[in-house]
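Enquirer: Pasting start-v6.cif here (mmCIF, C-alpha atoms):
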```cif
data_target
#
loop_
_atom_site.label_atom_id
_atom_site.label_comp_id
_atom_site.auth_asym_id
_atom_site.auth_seq_id
_atom_site.Cartn_x
_atom_site.Cartn_y
_atom_site.Cartn_z
CA MET A 10 -7.90 18.66 -5.30
CA VAL A 11 -8.88 16.95 -2.06
CA VAL A 12 -12.30 15.31 -2.22
CA GLY A 13 -14.05 12.64 -0.15
CA GLY A 14 -13.93 12.32 3.63
CA VAL A 15 -10.92 14.56 4.13
CA ALA A 16 -12.64 17.38 2.23
CA VAL A 17 -15.77 16.87 4.34
CA THR A 18 -13.61 17.17 7.48
CA LEU A 19 -11.99 20.35 6.17
CA HIS A 20 -15.48 21.84 5.94
CA GLY A 21 -16.14 21.10 9.61
CA TYR A 22 -17.76 17.68 9.85
CA VAL A 23 -15.08 15.46 11.33
CA ARG A 24 -15.32 11.74 10.73
CA PHE A 25 -12.95 8.82 10.28
CA THR A 26 -11.68 8.01 6.81
CA GLU A 27 -9.20 5.37 5.71
CA ASP A 28 -7.88 7.14 2.65
CA VAL A 29 -7.22 10.43 0.94
CA ASP A 30 -9.21 10.96 -2.24
CA LEU A 31 -7.77 13.32 -4.84
CA LEU A 32 -9.44 14.48 -8.02
CA VAL A 33 -6.63 15.39 -10.41
CA SER A 34 -6.36 17.03 -13.78
CA ALA A 35 -5.69 14.46 -16.48
CA GLU A 36 -3.24 16.73 -18.31
CA VAL A 37 -0.01 14.80 -18.91
CA VAL A 38 2.21 17.51 -17.40
CA ASN A 39 0.10 17.50 -14.23
CA LEU A 40 0.13 13.70 -13.96
CA GLU A 41 3.91 13.59 -14.43
CA CYS A 42 4.36 16.12 -11.63
CA LEU A 43 1.93 14.26 -9.36
CA LEU A 44 3.56 10.88 -9.95
CA GLY A 45 6.98 12.39 -9.33
CA ALA A 46 5.77 13.73 -5.99
CA LEU A 47 4.24 10.38 -5.02
CA LYS A 48 6.96 8.04 -6.25
CA HIS A 49 8.35 7.49 -2.75
CA PHE A 50 5.02 7.52 -0.92
CA GLY A 51 4.38 4.41 1.11
CA GLU A 52 5.96 1.40 -0.48
CA GLY A 53 6.77 3.26 -3.69
CA TYR A 54 4.02 1.74 -5.83
CA ALA A 55 3.35 5.06 -7.55
CA SER A 56 6.74 4.76 -9.28
CA ASP A 57 5.20 1.98 -11.40
CA LEU A 58 2.50 4.29 -12.74
CA GLN A 59 2.60 6.29 -15.96
CA PRO A 60 0.35 9.15 -17.11
CA SER A 61 -1.12 6.73 -19.67
CA ASP A 62 -2.57 4.69 -16.77
CA PHE A 63 -5.02 7.53 -16.15
CA ASP A 64 -8.03 7.89 -18.42
CA ASP A 65 -11.53 9.36 -18.30
CA THR A 66 -13.20 6.28 -16.86
CA GLU A 67 -14.83 6.28 -13.44
CA GLY A 68 -12.90 4.74 -10.60
CA ALA A 69 -9.70 5.36 -8.74
CA ILE A 70 -6.11 4.32 -8.96
CA ARG A 71 -5.13 3.41 -5.41
CA ILE A 72 -1.64 4.01 -4.08
CA VAL A 73 -1.12 1.79 -1.06
CA GLU A 74 0.71 2.81 2.07
CA GLU A 75 0.70 -0.28 4.26
CA THR A 76 2.73 0.88 7.27
CA GLU A 77 0.34 3.64 8.33
CA SER A 78 -2.69 2.11 6.55
CA CYS A 79 -3.36 5.33 4.67
CA HIS A 80 -4.10 5.00 1.00
CA VAL A 81 -4.33 7.65 -1.70
CA ASP A 82 -7.06 7.23 -4.29
CA LEU A 83 -6.49 9.22 -7.49
CA PHE A 84 -9.46 10.06 -9.69
CA THR A 85 -9.58 11.87 -13.01
CA CYS A 86 -13.38 11.57 -13.10
CA MET A 87 -15.93 11.25 -10.29
CA SER A 88 -19.60 10.80 -11.15
CA GLY A 89 -19.02 12.37 -14.55
CA ARG A 90 -17.23 15.43 -13.18
CA ARG A 91 -13.59 16.23 -13.80
CA TYR A 92 -11.13 18.50 -12.01
CA GLU A 93 -11.83 21.30 -14.47
CA ASP A 94 -15.56 21.06 -13.71
CA VAL A 95 -15.19 21.66 -9.96
CA VAL A 96 -12.00 23.66 -9.44
CA GLY A 97 -13.79 26.98 -10.00
CA ASP A 98 -15.60 26.89 -6.66
CA ALA A 99 -13.01 24.90 -4.71
CA GLU A 100 -11.91 26.07 -1.29
CA ILE A 101 -8.22 26.66 -0.53
CA PHE A 102 -6.05 26.28 2.55
CA THR A 103 -2.32 26.81 2.89
CA LEU A 104 -0.01 24.06 4.11
CA ASN A 105 3.72 24.75 4.42
CA GLY A 106 3.38 27.66 2.03
CA LEU A 107 1.51 25.64 -0.62
CA GLU A 108 -2.09 26.22 -1.62
CA VAL A 109 -4.19 23.07 -1.34
CA ARG A 110 -7.57 22.99 -3.03
CA TYR A 111 -10.47 20.99 -1.68
CA ALA A 112 -13.92 20.45 -3.10
CA SER A 113 -16.65 22.92 -2.18
CA LYS A 114 -19.63 21.91 -0.09
CA ASP A 115 -21.81 22.09 -3.21
CA ALA A 116 -19.55 19.75 -5.18
CA LEU A 117 -19.30 17.28 -2.29
CA ILE A 118 -23.06 17.33 -1.74
CA ALA A 119 -23.65 16.66 -5.46
CA TRP A 120 -21.39 13.61 -5.32
CA LYS A 121 -22.45 12.27 -1.95
CA GLU A 122 -26.22 12.59 -2.37
CA LYS A 123 -26.01 10.25 -5.38
CA SER A 124 -24.03 7.62 -3.48
CA VAL A 125 -25.47 4.34 -2.27
CA ARG A 126 -23.20 4.37 0.79
CA ASP A 127 -24.80 5.45 4.06
CA LYS A 128 -21.71 7.36 5.19
CA ASP A 129 -21.79 9.44 2.01
CA ARG A 130 -25.44 10.33 2.53
CA LEU A 131 -24.66 11.30 6.13
CA ASP A 132 -21.84 13.48 4.81
CA ALA A 133 -24.28 15.22 2.46
CA LEU A 134 -26.70 15.87 5.34
CA ALA A 135 -23.89 17.23 7.51
CA LEU A 136 -22.63 19.48 4.70
CA ARG A 137 -26.14 20.86 4.16
CA ARG A 138 -26.33 21.56 7.89
CA LEU A 139 -22.99 23.39 7.69
CA GLN A 140 -24.29 25.45 4.77
CA ALA A 141 -27.15 26.62 6.98
CA ASN A 142 -24.97 27.08 10.06
CA PRO A 143 -21.18 27.12 9.64
CA CYS A 144 -20.76 26.47 13.37
CA ALA A 145 -23.14 23.50 13.46
CA PHE A 146 -20.52 21.04 14.69
CA ASP A 147 -18.38 23.34 16.84
#
```
Output the file's structure as structure tokens, nothing else.
Expert:
Amino acid sequence: MVVGGVAVTLHGYVRFTEDVDLLVSAEVVNLECLLGALKHFGEGYASDLQPSDFDDTEGAIRIVEETESCHVDLFTCMSGRRYEDVVGDAEIFTLNGLEVRYASKDALIAWKEKSVRDKDRLDALALRRLQANPCAFD
């Protein structure tokens, strides 16, 4: 599931972000599929990862893509919440025939209001504004 700045943008508040944050299910089958899909991304660093590298601790595993300077951060837990905790109210868009889930405004606000980073708090304010007026930034 897409979370972070890209998810905020998908909701209608466009801002720059340097990475793509994904909250993923920690089920081994899911991690094997994910790592298989990412094994050739960027410089191929994901091919060194194993499902056992993912646990329930906070923090991301970063997959570096140096050429385009776009990194993928993989989380199994964000602020105590796991994929299974937030997938129920996730939004969905279709890309090349595939459904892509992204965190709901409520989930993003819950994460971002607790953050110490100014940009996250601004995201939370923007998302609240979008809840009140979906066209706020049109």
Enquirer: As JSON, please: the centre and edge lengths in Å, to one decimal, of an axis-aligned box enclosing every listed atom of stretch 58-74 of chain A with 5 Å added on each side.
Expert:
```
{"center_x": -6.1, "center_y": 5.6, "center_z": -8.8, "size_x": 27.4, "size_y": 17.6, "size_z": 31.7}
```
Enquirer: Under the PyMOL selection byres ((chain A and resi 23-33) around 9), which residues of this model are included? Write them out as a PDB file with C-alpha atoms, in the coordinates of the input.
Expert:
```
ATOM      1  CA  MET A  10      -7.900  18.660  -5.300  1.00  0.00           C
ATOM      2  CA  VAL A  11      -8.880  16.950  -2.060  1.00  0.00           C
ATOM      3  CA  VAL A  12     -12.300  15.310  -2.220  1.00  0.00           C
ATOM      4  CA  GLY A  13     -14.050  12.640  -0.150  1.00  0.00           C
ATOM      5  CA  GLY A  14     -13.930  12.320   3.630  1.00  0.00           C
ATOM      6  CA  VAL A  15     -10.920  14.560   4.130  1.00  0.00           C
ATOM      7  CA  ALA A  16     -12.640  17.380   2.230  1.00  0.00           C
ATOM      8  CA  VAL A  17     -15.770  16.870   4.340  1.00  0.00           C
ATOM      9  CA  THR A  18     -13.610  17.170   7.480  1.00  0.00           C
ATOM     10  CA  LEU A  19     -11.990  20.350   6.170  1.00  0.00           C
ATOM     11  CA  HIS A  20     -15.480  21.840   5.940  1.00  0.00           C
ATOM     12  CA  GLY A  21     -16.140  21.100   9.610  1.00  0.00           C
ATOM     13  CA  TYR A  22     -17.760  17.680   9.850  1.00  0.00           C
ATOM     14  CA  SER A  34      -6.360  17.030 -13.780  1.00  0.00           C
ATOM     15  CA  ALA A  35      -5.690  14.460 -16.480  1.00  0.00           C
ATOM     16  CA  GLU A  36      -3.240  16.730 -18.310  1.00  0.00           C
ATOM     17  CA  ASN A  39       0.100  17.500 -14.230  1.00  0.00           C
ATOM     18  CA  LEU A  40       0.130  13.700 -13.960  1.00  0.00           C
ATOM     19  CA  LEU A  43       1.930  14.260  -9.360  1.00  0.00           C
ATOM     20  CA  ALA A  69      -9.700   5.360  -8.740  1.00  0.00           C
ATOM     21  CA  SER A  78      -2.690   2.110   6.550  1.00  0.00           C
ATOM     22  CA  CYS A  79      -3.360   5.330   4.670  1.00  0.00           C
ATOM     23  CA  HIS A  80      -4.100   5.000   1.000  1.00  0.00           C
ATOM     24  CA  VAL A  81      -4.330   7.650  -1.700  1.00  0.00           C
ATOM     25  CA  ASP A  82      -7.060   7.230  -4.290  1.00  0.00           C
ATOM     26  CA  LEU A  83      -6.490   9.220  -7.490  1.00  0.00           C
ATOM     27  CA  PHE A  84      -9.460  10.060  -9.690  1.00  0.00           C
ATOM     28  CA  THR A  85      -9.580  11.870 -13.010  1.00  0.00           C
ATOM     29  CA  CYS A  86     -13.380  11.570 -13.100  1.00  0.00           C
ATOM     30  CA  MET A  87     -15.930  11.250 -10.290  1.00  0.00           C
ATOM     31  CA  ARG A  91     -13.590  16.230 -13.800  1.00  0.00           C
ATOM     32  CA  TYR A  92     -11.130  18.500 -12.010  1.00  0.00           C
ATOM     33  CA  GLU A  93     -11.830  21.300 -14.470  1.00  0.00           C
ATOM     34  CA  TYR A 111     -10.470  20.990  -1.680  1.00  0.00           C
ATOM     35  CA  ALA A 112     -13.920  20.450  -3.100  1.00  0.00           C
ATOM     36  CA  ASP A 132     -21.840  13.480   4.810  1.00  0.00           C
ATOM     37  CA  PHE A 146     -20.520  21.040  14.690  1.00  0.00           C
TER      38      PHE A 146
END
```
Enquirer: Output the residue selection produced by the PyMOL selection byres ((chain A and resi 130) around 12) on the file above, formatted as JSON, numbers by chain.
Expert: {"A": [13, 14, 17, 117, 118, 119, 120, 121, 122, 123, 124, 125, 126, 127, 128, 129, 131, 132, 133, 134, 135, 136, 137]}
Enquirer: To test your reading of the syntax: which residues would the PyMOL selection byres ((chain A and resi 101) around 9) return for the file shown? Reply as a PDB file with C-alpha atoms, in the frame of the given file.
Expert:
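Okay, this is what ended up in part.pdb:
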```pdb
ATOM      1  CA  ALA A  99     -13.010  24.900  -4.710  1.00  0.00           C
ATOM      2  CA  GLU A 100     -11.910  26.070  -1.290  1.00  0.00           C
ATOM      3  CA  PHE A 102      -6.050  26.280   2.550  1.00  0.00           C
ATOM      4  CA  THR A 103      -2.320  26.810   2.890  1.00  0.00           C
ATOM      5  CA  GLU A 108      -2.090  26.220  -1.620  1.00  0.00           C
ATOM      6  CA  VAL A 109      -4.190  23.070  -1.340  1.00  0.00           C
ATOM      7  CA  ARG A 110      -7.570  22.990  -3.030  1.00  0.00           C
ATOM      8  CA  TYR A 111     -10.470  20.990  -1.680  1.00  0.00           C
ATOM      9  CA  ALA A 112     -13.920  20.450  -3.100  1.00  0.00           C
TER      10      ALA A 112
END
```
Enquirer: Which value, in Å to one decimal, gives the distance between atom CA of A:Glu67 and atom CA of A:Ser113?
Expert: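 Between atom CA of A:Glu67 and atom CA of A:Ser113 the gap works out to 20.2 Å.
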Enquirer: When you look at A:Glu41 with a cut-off of 8 Å (counting all atoms listed in the file), what residues show up, excluding the ones that are within fewer than 4 positions of it in the same chain? I need them as a count of residues only.
Expert: 4
Enquirer: May I ask for the distance between atom CA of A:Ala46 and atom CA of A:Ile72, given in Å to one decimal place?
Expert: 12.4 Å
